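Asks: Before I ask anything, here is the structure I am working with.
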Amino acid sequence: MLIPTIGLEIHVELKTKTKMFCRCLNDPNETHPNVNVCSICLGHPGTLPVINKEAVLKIIKIGLALGGEVNQITYFDRKSYFYPDLPKGYQISQYEKPLIKGGLLKGIRIRRIHLEEDTGRLLHELPSNEFLTLKGKYSYVDFNRAGVPLMELVTEPDIKNAEEAVEFAKELQLILRYLEVSDADMEKGQMRLEANVSLNMGTKVELKNINSFKALHDAIEYEIKRQKEVLARKEKVIQETRGWDDKKGITRSQRSKESAHDYRYFPEPDLPPLDLRFLDLEQIKREIPELPEEKRKRFVQEFGLEKSLIEILVEDRKRANFFEEAASELKNLNQKTDYVLLVNYFTSDLRGLMLEKKLSFDDLKITPENFAHLIFLIEKGELSSRLAKDLIKKMVETGEDPESIIKNEGLKLISEEKELEKIVEEIVLENPQSVNDYKKGKINALQFLVGKGMQKTKGQADPEKLKEIILKKINQS
Ligand code: ZN
Ligand code: MN
């Protein structure tokens with residue numbers, strides 16, 4: 001029985017005002033190439049780097065949130081390698097003394113978390129078929145990203161399958177977003193995953209070029225299968241780096257793996273060691289918000305909702321906060337409330353509108369209080385679901401409270417018997433066929449007639465009462 005052993009190496013660009021060792025802006029949205037650059041991040045000889053305190057504090061916050069230990073004395077190392085987007089010929093990284101050692105997430109031990117700088121970005125022209133022209137033969141380099149603070153997290157090889165690897169990476173992404181240290185958007189390259197895979201603790205193969213959680217999953221599965229086949233043929237697994245080909249769904253050899261000594265790590269002579277003994281770690285701990293796992297547990301206890309609904313709430317901290325504020329307001333209005341109605345309108349109607357109008361919680365006009373009030377009106381039976389939908393739309397547009405919209409637009413639910421009877425008389429006269437159908441046993445015809453009534457009243461009829469009166473009317477005729 002061959003047991004897979006998997007470790008992850010995850011790089012994440014930090015959200016900071018400036019770059020890691022200079023005062024250039026760290027702006028991931030800058031589209032014009034080579035504007036956020038200076039002699040330091042362009043690697044000119046003779047320039048001196050200065051450590052970005054904000055980046056150091058963010059790594060420490062991440063480390064503490066993941067249960068790691070802060071190395072009190074830590075320093076940077078030079079990692080030498082050549083690449084066209086690395087103009088210095090080395091990357092300032094950490095080797096012997098990472099900022100954070102240890103930690104645990106989803107049962108997977110974290111080995112270390114360190115801080116380093118990102119490289120620039122290469123843009124390759126698409127190859128052209130035009131023979132003997134230069135078109136499609138150039139590559140360009142953009143240094144806006146060079147020197148951006150980069151976190152590197154390395155796990156112990158505790159992961160046993162592709163699902164666990166994805167679960168770990170997703171939870172890490174969520175925590176980084178909760179901590180507001182990175183947007184960790186994989187499509188924008190802000191979070192990059194690498195996995196190393198071996199069987200029975202044998203030769204390790206490193207997987208690169210993984211651009212999504214699905215790619216991580218598929219690459220690991222493919223690699224486990226490939227290595228099993230290699231061993232079944234009585235061949236040896238070669239220690240190498242393999243790139244994931246998303247289109248073909250295979251990994252292919254890129255290069256034989258270099259070892260640490262190839263990089264000739266040595267302490268960065270241009271930077272002093274960091275003495276963190278006097279850092280107030282308790283203060284940093286206090287700044288850590290409630291993390292997703294605690295939130296899930298609390299939401300289960302407080303709201304008694306099913307797991308999938310809670311996951312929708314927790315996967316976005318602002319969404320969770322909005323929901324929670326609305327929930328506590330609703331509790332004030334109605335002690336006996338169950339939160340299912342709230343969560344349903346929140347995750348379907350409101351979220352749908354937000355997606356449609358591309359709204360974030362920051363530019364949302366509707367307040368949690370008003371949203372709770374709306375749900376309360378539905379609970380009291382003063383609004384049909386159809387009316388509620390219209391109201392939410394108006395509330396999102398104007399930010400007004402539901403009561404005043406109801407008053408101004410005359411959106412009251414019609415539940416008075418006399419008024420409804422008049423409407424039902426019309427419906428029955430206009431739809432004799434459906435009335436007959438129902439009498440012949442076609443139950444659907446009743447729903448059709450109720451629908452007609454809702455249409456006639458623009459959604460303002462109380463559907464339950466309407467149904468009752470239609471039945472009464474049909475049975476009389
Ligand atoms: Zn710079
Ligand atoms: Mn690295």
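Each chain of the structure tokens is named A, B, ... in the order shown, its residues numbered from 1; ligands are numbered from 1 in display order.
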With only C-alpha atoms and all ligand atoms counted, collect every polymer residue having an atom within 10 Å of ligand 2; state the result as a PyMOL selection string.
Replies: chain A and resi 9-12+79+91-95+114-119+150-154
Asks: What's the 7 Å shell around Asn34 (chain A), counting only C-alpha atoms, without same-chain residues fewer than 3 positions away, as a ChimeraX atom specification?
Replies: /A:37,142-144
Asks: As a count of residues only, list the residues of region 229-378 of chain A assigned to helix (DSSP H, G or I) by DSSP on the backbone atoms of this structure.
Replies: 82
Asks: Using only C-alpha atoms, which protein or nucleic acid residues come within 9 Å of region 342-349 of chain A? Drop anything in the same chain fewer than 6 positions from it, and give the result as a ChimeraX atom specification.
Replies: /A:305,309,312-313,323,326-327,330,371-372,375-376,389,392-393
Asks: Using only C-alpha atoms and all ligand atoms, find the one residue out of A:Pro98, A:Pro87, A:Pro49, A:Gly68 that sits nearest to ligand 1.
Replies: A:Pro49
Asks: Run DSSP on the backbone and grab whatever in region 4-237 of chain A lands in strand (DSSP E or B); send it over as an NGL selection string.
Replies: :A and (4-13 or 18 or 25 or 69-70 or 73-74 or 77-80 or 90-93 or 100-101 or 104-105 or 108-117 or 121-124 or 139-142 or 149-155 or 159 or 191-199 or 205-210)
